[in-house]
$ cat upload.pdb   # PDB, C-alpha atoms, pLDDT in the B column
ATOM      1  CA  MET V   1      54.825   3.853  61.629  1.00 43.00           C
ATOM      2  CA  THR V   2      55.095   4.737  57.998  1.00 46.00           C
ATOM      3  CA  GLN V   3      57.846   6.566  56.254  1.00 47.00           C
ATOM      4  CA  LYS V   4      57.925   8.029  52.777  1.00 53.00           C
ATOM      5  CA  ASN V   5      61.015   6.496  51.205  1.00 61.00           C
ATOM      6  CA  ASN V   6      61.544   9.184  48.573  1.00 80.00           C
ATOM      7  CA  TRP V   7      61.099  12.152  50.878  1.00 89.00           C
ATOM      8  CA  LEU V   8      64.007  14.557  51.248  1.00 95.00           C
ATOM      9  CA  PRO V   9      64.139  17.781  53.237  1.00 97.00           C
ATOM     10  CA  THR V  10      64.291  21.082  51.389  1.00 97.00           C
ATOM     11  CA  GLN V  11      67.072  23.602  51.865  1.00 97.00           C
ATOM     12  CA  LYS V  12      64.578  25.674  53.893  1.00 97.00           C
ATOM     13  CA  ASP V  13      63.969  22.629  56.139  1.00 97.00           C
ATOM     14  CA  ILE V  14      67.710  22.416  56.770  1.00 98.00           C
ATOM     15  CA  GLU V  15      67.891  26.127  57.620  1.00 97.00           C
ATOM     16  CA  ASN V  16      65.011  25.675  60.084  1.00 97.00           C
ATOM     17  CA  TYR V  17      66.660  22.563  61.504  1.00 98.00           C
ATOM     18  CA  SER V  18      69.865  24.500  62.193  1.00 96.00           C
ATOM     19  CA  LEU V  19      68.042  27.366  63.883  1.00 97.00           C
ATOM     20  CA  LEU V  20      65.776  25.119  65.944  1.00 98.00           C
ATOM     21  CA  LYS V  21      68.664  22.853  66.975  1.00 97.00           C
ATOM     22  CA  ASP V  22      70.385  25.770  68.687  1.00 96.00           C
ATOM     23  CA  MET V  23      67.165  26.968  70.312  1.00 97.00           C
ATOM     24  CA  LEU V  24      66.338  23.480  71.587  1.00 98.00           C
ATOM     25  CA  TYR V  25      69.853  23.136  72.994  1.00 97.00           C
ATOM     26  CA  ALA V  26      69.462  26.423  74.900  1.00 97.00           C
ATOM     27  CA  GLN V  27      66.100  25.296  76.274  1.00 97.00           C
ATOM     28  CA  ARG V  28      67.610  21.972  77.292  1.00 97.00           C
ATOM     29  CA  GLN V  29      70.309  23.720  79.294  1.00 97.00           C
ATOM     30  CA  GLU V  30      67.772  25.883  81.114  1.00 96.00           C
ATOM     31  CA  PHE V  31      65.417  23.020  81.915  1.00 96.00           C
ATOM     32  CA  ASP V  32      68.289  20.799  83.033  1.00 96.00           C
ATOM     33  CA  LEU V  33      69.088  23.405  85.682  1.00 96.00           C
ATOM     34  CA  LEU V  34      65.444  23.877  86.655  1.00 95.00           C
ATOM     35  CA  SER V  35      64.902  20.144  86.790  1.00 95.00           C
ATOM     36  CA  LYS V  36      67.826  19.665  89.170  1.00 95.00           C
ATOM     37  CA  LYS V  37      66.513  22.347  91.515  1.00 95.00           C
ATOM     38  CA  LYS V  38      62.786  21.619  91.278  1.00 95.00           C
ATOM     39  CA  PRO V  39      62.047  18.573  89.107  1.00 94.00           C
ATOM     40  CA  ASP V  40      58.342  18.424  89.972  1.00 95.00           C
ATOM     41  CA  SER V  41      57.698  22.141  89.620  1.00 95.00           C
ATOM     42  CA  GLN V  42      54.968  22.790  87.058  1.00 95.00           C
ATOM     43  CA  LEU V  43      55.459  25.090  84.101  1.00 94.00           C
ATOM     44  CA  ASN V  44      53.469  28.241  83.623  1.00 95.00           C
ATOM     45  CA  LYS V  45      51.636  28.915  80.349  1.00 95.00           C
ATOM     46  CA  MET V  46      54.329  31.239  79.048  1.00 95.00           C
ATOM     47  CA  LYS V  47      57.058  28.589  79.381  1.00 95.00           C
ATOM     48  CA  ILE V  48      54.848  25.970  77.743  1.00 96.00           C
ATOM     49  CA  LYS V  49      54.223  28.356  74.843  1.00 96.00           C
ATOM     50  CA  MET V  50      57.958  29.120  74.499  1.00 96.00           C
ATOM     51  CA  VAL V  51      58.941  25.458  74.444  1.00 97.00           C
ATOM     52  CA  ASN V  52      56.180  24.583  71.974  1.00 98.00           C
ATOM     53  CA  ARG V  53      57.371  27.337  69.608  1.00 97.00           C
ATOM     54  CA  VAL V  54      60.479  25.211  69.121  1.00 98.00           C
ATOM     55  CA  LEU V  55      58.879  21.761  69.344  1.00 98.00           C
ATOM     56  CA  GLU V  56      55.991  22.331  66.921  1.00 98.00           C
ATOM     57  CA  PRO V  57      58.093  23.210  63.851  1.00 98.00           C
ATOM     58  CA  LEU V  58      60.421  20.313  64.645  1.00 98.00           C
ATOM     59  CA  ASN V  59      57.428  18.023  64.939  1.00 97.00           C
ATOM     60  CA  GLU V  60      56.301  19.188  61.497  1.00 97.00           C
ATOM     61  CA  LEU V  61      59.798  18.676  60.054  1.00 97.00           C
ATOM     62  CA  PHE V  62      59.896  15.106  61.362  1.00 97.00           C
ATOM     63  CA  LYS V  63      56.430  14.134  60.107  1.00 95.00           C
ATOM     64  CA  ASN V  64      57.976  11.780  57.518  1.00 94.00           C
ATOM     65  CA  GLU V  65      60.372  10.159  59.960  1.00 95.00           C
ATOM     66  CA  LEU V  66      59.853   6.985  61.973  1.00 93.00           C
ATOM     67  CA  SER V  67      60.496   8.875  65.211  1.00 94.00           C
ATOM     68  CA  HIS V  68      57.518  11.196  64.628  1.00 96.00           C
ATOM     69  CA  SER V  69      55.048   8.981  66.469  1.00 94.00           C
ATOM     70  CA  PHE V  70      57.175   9.290  69.632  1.00 94.00           C
ATOM     71  CA  LEU V  71      57.371  13.094  69.617  1.00 97.00           C
ATOM     72  CA  ASP V  72      54.936  15.118  71.690  1.00 95.00           C
ATOM     73  CA  VAL V  73      54.458  18.810  72.295  1.00 96.00           C
ATOM     74  CA  LEU V  74      53.572  20.167  75.704  1.00 96.00           C
ATOM     75  CA  ASN V  75      49.922  20.355  76.685  1.00 94.00           C
ATOM     76  CA  GLU V  76      49.105  22.984  79.260  1.00 89.00           C
ATOM     77  CA  ASP V  77      46.118  20.930  80.452  1.00 92.00           C
ATOM     78  CA  ASP V  78      48.534  18.174  81.522  1.00 93.00           C
ATOM     79  CA  MET V  79      50.500  20.649  83.689  1.00 92.00           C
ATOM     80  CA  PRO V  80      53.973  19.423  82.643  1.00 96.00           C
ATOM     81  CA  THR V  81      56.860  19.635  85.086  1.00 96.00           C
ATOM     82  CA  ASN V  82      60.482  20.605  84.521  1.00 96.00           C
ATOM     83  CA  SER V  83      61.508  16.949  84.430  1.00 96.00           C
ATOM     84  CA  ASP V  84      58.763  16.239  81.832  1.00 96.00           C
ATOM     85  CA  VAL V  85      60.246  18.927  79.598  1.00 97.00           C
ATOM     86  CA  VAL V  86      63.740  17.471  79.903  1.00 97.00           C
ATOM     87  CA  LEU V  87      62.401  14.074  78.836  1.00 96.00           C
ATOM     88  CA  ILE V  88      60.479  15.495  75.870  1.00 97.00           C
ATOM     89  CA  ILE V  89      63.433  17.607  74.735  1.00 97.00           C
ATOM     90  CA  SER V  90      65.718  14.560  74.930  1.00 97.00           C
ATOM     91  CA  GLN V  91      63.360  12.714  72.572  1.00 97.00           C
ATOM     92  CA  TYR V  92      63.550  15.609  70.110  1.00 98.00           C
ATOM     93  CA  GLU V  93      67.340  15.672  70.391  1.00 97.00           C
ATOM     94  CA  THR V  94      67.451  11.992  69.514  1.00 97.00           C
ATOM     95  CA  ALA V  95      65.148  12.589  66.542  1.00 97.00           C
ATOM     96  CA  MET V  96      67.374  15.466  65.417  1.00 98.00           C
ATOM     97  CA  ASN V  97      70.470  13.263  65.567  1.00 97.00           C
ATOM     98  CA  GLU V  98      68.725  10.566  63.541  1.00 97.00           C
ATOM     99  CA  PHE V  99      67.579  13.181  61.008  1.00 97.00           C
ATOM    100  CA  LYS V 100      71.129  14.449  60.582  1.00 97.00           C
ATOM    101  CA  ASP V 101      72.546  10.921  60.318  1.00 96.00           C
ATOM    102  CA  LYS V 102      70.038  10.159  57.601  1.00 95.00           C
ATOM    103  CA  TYR V 103      70.358  13.280  55.436  1.00 96.00           C
ATOM    104  CA  TYR V 104      73.845  14.666  56.142  1.00 95.00           C
ATOM    105  CA  LYS V 105      76.010  12.291  54.135  1.00 93.00           C
ATOM    106  CA  ARG V 106      79.285  11.942  52.316  1.00 90.00           C
ATOM    107  CA  ASP V 107      78.723  12.629  48.617  1.00 89.00           C
ATOM    108  CA  LYS V 108      81.141  10.741  46.402  1.00 85.00           C
ATOM    109  CA  TYR V 109      80.113  12.922  43.444  1.00 83.00           C
ATOM    110  CA  LYS V 110      80.998  16.272  45.058  1.00 85.00           C
ATOM    111  CA  LYS V 111      84.686  16.893  45.681  1.00 85.00           C
ATOM    112  CA  ASP V 112      86.563  19.520  47.632  1.00 86.00           C
ATOM    113  CA  SER V 113      89.787  21.220  46.559  1.00 87.00           C
ATOM    114  CA  TYR V 114      91.757  18.163  47.749  1.00 89.00           C
ATOM    115  CA  ASP V 115      89.639  15.863  45.563  1.00 86.00           C
ATOM    116  CA  SER V 116      88.030  14.308  48.620  1.00 88.00           C
ATOM    117  CA  SER V 117      84.314  13.726  48.751  1.00 87.00           C
ATOM    118  CA  VAL V 118      82.434  16.266  50.843  1.00 90.00           C
ATOM    119  CA  VAL V 119      79.830  15.764  53.522  1.00 91.00           C
ATOM    120  CA  ARG V 120      76.649  17.691  52.783  1.00 93.00           C
ATOM    121  CA  TRP V 121      72.903  17.770  53.330  1.00 95.00           C
ATOM    122  CA  MET V 122      70.930  15.695  50.840  1.00 94.00           C
ATOM    123  CA  THR V 123      67.957  17.866  49.903  1.00 95.00           C
ATOM    124  CA  LYS V 124      65.179  17.974  47.330  1.00 94.00           C
ATOM    125  CA  GLU V 125      67.098  20.678  45.517  1.00 94.00           C
ATOM    126  CA  ARG V 126      70.309  18.646  45.547  1.00 91.00           C
ATOM    127  CA  PRO V 127      69.614  14.942  46.125  1.00 89.00           C
ATOM    128  CA  TYR V 128      72.327  12.333  46.489  1.00 83.00           C
ATOM    129  CA  GLN V 129      73.246  11.990  42.825  1.00 80.00           C
ATOM    130  CA  TYR V 130      72.829  15.677  41.965  1.00 80.00           C
ATOM    131  CA  TYR V 131      76.559  16.215  41.410  1.00 80.00           C
ATOM    132  CA  ALA V 132      76.856  13.081  39.291  1.00 78.00           C
ATOM    133  CA  SER V 133      74.898  14.876  36.570  1.00 75.00           C
ATOM    134  CA  HIS V 134      75.617  18.571  37.333  1.00 68.00           C
ATOM    135  CA  GLU V 135      78.786  20.568  37.239  1.00 60.00           C
ATOM    136  CA  ASP V 136      80.124  21.809  40.541  1.00 52.00           C
ATOM    137  CA  ASP V 137      77.794  24.383  42.027  1.00 51.00           C
ATOM    138  CA  GLU V 138      79.998  26.936  43.757  1.00 52.00           C
ATOM    139  CA  ASP V 139      77.066  28.987  45.074  1.00 49.00           C
ATOM    140  CA  TYR V 140      75.806  26.172  47.276  1.00 49.00           C
ATOM    141  CA  GLU V 141      77.126  25.966  50.800  1.00 52.00           C
ATOM    142  CA  ASP V 142      76.410  23.133  53.205  1.00 52.00           C
ATOM    143  CA  ASP V 143      77.238  24.580  56.559  1.00 53.00           C
ATOM    144  CA  GLU V 144      75.813  22.592  59.414  1.00 53.00           C
TER     145      GLU V 144
END
$ encode --input "upload.pdb" --output "structure tokens"
Amino acid sequence: MTQKNNWLPTQKDIENYSLLKDMLYAQRQEFDLLSKKKPDSQLNKMKIKMVNRVLEPLNELFKNELSHSFLDVLNEDDMPTNSDVVLIISQYETAMNEFKDKYYKRDKYKKDSYDSSVVRWMTKERPYQYYASHEDDEDYEDDE
């Protein structure tokens, strides 16, 4: 399990993270319901493809994280069940929480209108000490 210490996500990575987080949450809700009704029911190819369209880009995003080695995508040859999908999605949700905890931080160099430090994504474009050496960048928004 290796991790690149200097790696930071890009702003595009954060945009993808936000989009995929919502999509994964919606899938989780659906598969929670399916898993309660028919936990051992196997997925058809279309559902596997739909779930993997969310998991694969997340897997790529987390390639530099320690959790990456624990993240799998669905394999149609394995005939995954509804309960398998819930388990896999829960692993991705945990990885997403760890990702946010790691890169969404309080920045003592960037202040809001009340002179309090703001919480923002640390990215390649604006790493942790970016605002220590740059004037306030009003065009940059850090919505979750």
$ residues_around --input "upload.pdb" --residues "Asn52 in chain V" --least-positions-apart "5" --cutoff "10 Å" --atoms "only C-alpha atoms" --output "list of chain:residue names"
V:Met46, V:Lys47, V:Pro57, V:Leu58, V:Asn59, V:Asp72, V:Val73, V:Leu74, V:Asn75
$ residues_near_point --input "upload.pdb" --point "(64.4, 15.0, 66.4)" --cutoff "12 Å" --atoms "all atoms listed in the file" --output "JSON, numbers by chain"
{"V": [17, 18, 20, 21, 24, 25, 54, 55, 56, 57, 58, 59, 60, 61, 62, 63, 64, 65, 66, 67, 68, 69, 70, 71, 72, 88, 89, 90, 91, 92, 93, 94, 95, 96, 97, 98, 99, 100, 101, 102]}
$ atom_distance --input "upload.pdb" --atom1 "CA of Pro127 in chain V" --atom2 "CA of Glu15 in chain V"
16.1 Å
$ atom_distance --input "upload.pdb" --atom1 "CA of Asp22 in chain V" --atom2 "CA of Ser117 in chain V"
27.1 Å
$ atom_distance --input "upload.pdb" --atom1 "CA of Ser83 in chain V" --atom2 "CA of Lys37 in chain V"
10.2 Å
$ closest_residue --input "upload.pdb" --among "V:Val119, V:Asp78, V:Ser41, V:Val85" --to "Gln29 in chain V" --atoms "only C-alpha atoms"
V:Val85
$ residues_around --input "upload.pdb" --residues "Val86 in chain V" --least-positions-apart "5" --cutoff "9 Å" --atoms "all atoms listed in the file" --output "VMD selection string"
chain V and resid 27 to 28 31 to 32 35 81 91
$ axis_aligned_box --input "upload.pdb" --around "range 7-12 of chain V" --padding-each-side "5 Å" --output "AutoDock Vina command-line options"
--center_x 64.1 --center_y 18.9 --center_z 52.4 --size_x 16.0 --size_y 23.5 --size_z 13.0
$ resolve_selection --input "upload.pdb" --expression "the PyMOL selection byres ((chain V and resi 42) around 9)" --output "compact mmCIF listing (two decimals) with C-alpha atoms, keeping the file's coordinate frame"
# COMPACT_ATOMS: atom_id res chain seq x y z
CA LYS V 38 62.79 21.62 91.28
CA PRO V 39 62.05 18.57 89.11
CA ASP V 40 58.34 18.42 89.97
CA SER V 41 57.70 22.14 89.62
CA LEU V 43 55.46 25.09 84.10
CA ASN V 44 53.47 28.24 83.62
CA MET V 79 50.50 20.65 83.69
CA PRO V 80 53.97 19.42 82.64
CA THR V 81 56.86 19.64 85.09
CA ASN V 82 60.48 20.60 84.52
$ resolve_selection --input "upload.pdb" --expression "the PyMOL selection byres ((chain V and resi 9) around 9)" --output "PyMOL selection string"
chain V and resi 7-8+10-14+61+103+121-125
$ decode --input "upload.pdb" --residues "range 38-70 of chain V" --atoms "N, CA and C atoms" --output "short mmCIF file (atom, residue, chain, number, x, y, z; two decimals), in the first residue's frame"
data_model
loop_
_atom_site.label_atom_id
_atom_site.label_comp_id
_atom_site.auth_asym_id
_atom_site.auth_seq_id
_atom_site.Cartn_x
_atom_site.Cartn_y
_atom_site.Cartn_z
N LYS V 38 -34.64 -8.55 -1.59
CA LYS V 38 -34.04 -9.74 -2.20
C LYS V 38 -32.51 -9.63 -2.14
N PRO V 39 -31.92 -9.90 -0.98
CA PRO V 39 -30.48 -9.71 -0.83
C PRO V 39 -29.62 -10.58 -1.75
N ASP V 40 -30.09 -11.78 -2.07
CA ASP V 40 -29.30 -12.70 -2.87
C ASP V 40 -29.67 -12.69 -4.35
N SER V 41 -30.49 -11.74 -4.73
CA SER V 41 -30.88 -11.61 -6.13
C SER V 41 -29.70 -11.07 -6.94
N GLN V 42 -29.40 -11.72 -8.05
CA GLN V 42 -28.26 -11.32 -8.87
C GLN V 42 -28.60 -10.14 -9.77
N LEU V 43 -27.59 -9.34 -10.04
CA LEU V 43 -27.77 -8.17 -10.89
C LEU V 43 -27.70 -8.56 -12.36
N ASN V 44 -28.46 -7.84 -13.16
CA ASN V 44 -28.33 -8.03 -14.60
C ASN V 44 -27.18 -7.16 -15.12
N LYS V 45 -26.80 -7.37 -16.36
CA LYS V 45 -25.64 -6.67 -16.94
C LYS V 45 -25.83 -5.16 -16.96
N MET V 46 -27.05 -4.71 -17.21
CA MET V 46 -27.30 -3.28 -17.25
C MET V 46 -27.04 -2.62 -15.90
N LYS V 47 -27.49 -3.24 -14.81
CA LYS V 47 -27.26 -2.68 -13.48
C LYS V 47 -25.77 -2.69 -13.13
N ILE V 48 -25.08 -3.75 -13.49
CA ILE V 48 -23.64 -3.81 -13.25
C ILE V 48 -22.94 -2.67 -13.98
N LYS V 49 -23.33 -2.46 -15.23
CA LYS V 49 -22.73 -1.38 -16.03
C LYS V 49 -23.02 -0.01 -15.40
N MET V 50 -24.24 0.19 -14.93
CA MET V 50 -24.63 1.48 -14.32
C MET V 50 -23.84 1.75 -13.03
N VAL V 51 -23.70 0.73 -12.22
CA VAL V 51 -22.95 0.90 -10.97
C VAL V 51 -21.48 1.16 -11.28
N ASN V 52 -20.92 0.42 -12.22
CA ASN V 52 -19.51 0.59 -12.56
C ASN V 52 -19.21 1.96 -13.17
N ARG V 53 -20.21 2.58 -13.82
CA ARG V 53 -20.00 3.93 -14.36
C ARG V 53 -19.73 4.94 -13.26
N VAL V 54 -20.15 4.65 -12.07
CA VAL V 54 -19.87 5.51 -10.91
C VAL V 54 -18.61 5.03 -10.20
N LEU V 55 -18.47 3.72 -10.04
CA LEU V 55 -17.33 3.19 -9.29
C LEU V 55 -15.99 3.38 -10.00
N GLU V 56 -15.96 3.19 -11.30
CA GLU V 56 -14.68 3.25 -12.03
C GLU V 56 -14.01 4.62 -11.94
N PRO V 57 -14.72 5.73 -12.16
CA PRO V 57 -14.04 7.02 -12.00
C PRO V 57 -13.63 7.30 -10.56
N LEU V 58 -14.40 6.80 -9.59
CA LEU V 58 -13.99 6.96 -8.20
C LEU V 58 -12.73 6.14 -7.93
N ASN V 59 -12.69 4.94 -8.46
CA ASN V 59 -11.52 4.09 -8.30
C ASN V 59 -10.28 4.80 -8.85
N GLU V 60 -10.43 5.43 -9.99
CA GLU V 60 -9.32 6.18 -10.60
C GLU V 60 -8.93 7.37 -9.72
N LEU V 61 -9.90 8.08 -9.18
CA LEU V 61 -9.63 9.22 -8.31
C LEU V 61 -8.86 8.80 -7.06
N PHE V 62 -9.16 7.64 -6.55
CA PHE V 62 -8.54 7.17 -5.30
C PHE V 62 -7.26 6.37 -5.52
N LYS V 63 -6.72 6.37 -6.72
CA LYS V 63 -5.55 5.54 -7.01
C LYS V 63 -4.32 5.90 -6.17
N ASN V 64 -4.27 7.11 -5.65
CA ASN V 64 -3.14 7.53 -4.81
C ASN V 64 -3.42 7.43 -3.32
N GLU V 65 -4.57 6.88 -2.98
CA GLU V 65 -4.98 6.79 -1.58
C GLU V 65 -4.73 5.37 -1.04
N LEU V 66 -4.54 5.29 0.25
CA LEU V 66 -4.31 3.98 0.88
C LEU V 66 -5.49 3.04 0.71
N SER V 67 -6.69 3.59 0.65
CA SER V 67 -7.89 2.76 0.54
C SER V 67 -8.04 2.11 -0.84
N HIS V 68 -7.29 2.55 -1.82
CA HIS V 68 -7.46 2.07 -3.19
C HIS V 68 -7.39 0.55 -3.31
N SER V 69 -6.50 -0.07 -2.58
CA SER V 69 -6.34 -1.52 -2.71
C SER V 69 -7.55 -2.30 -2.18
N PHE V 70 -8.45 -1.63 -1.48
CA PHE V 70 -9.64 -2.29 -0.95
C PHE V 70 -10.89 -2.04 -1.80
#
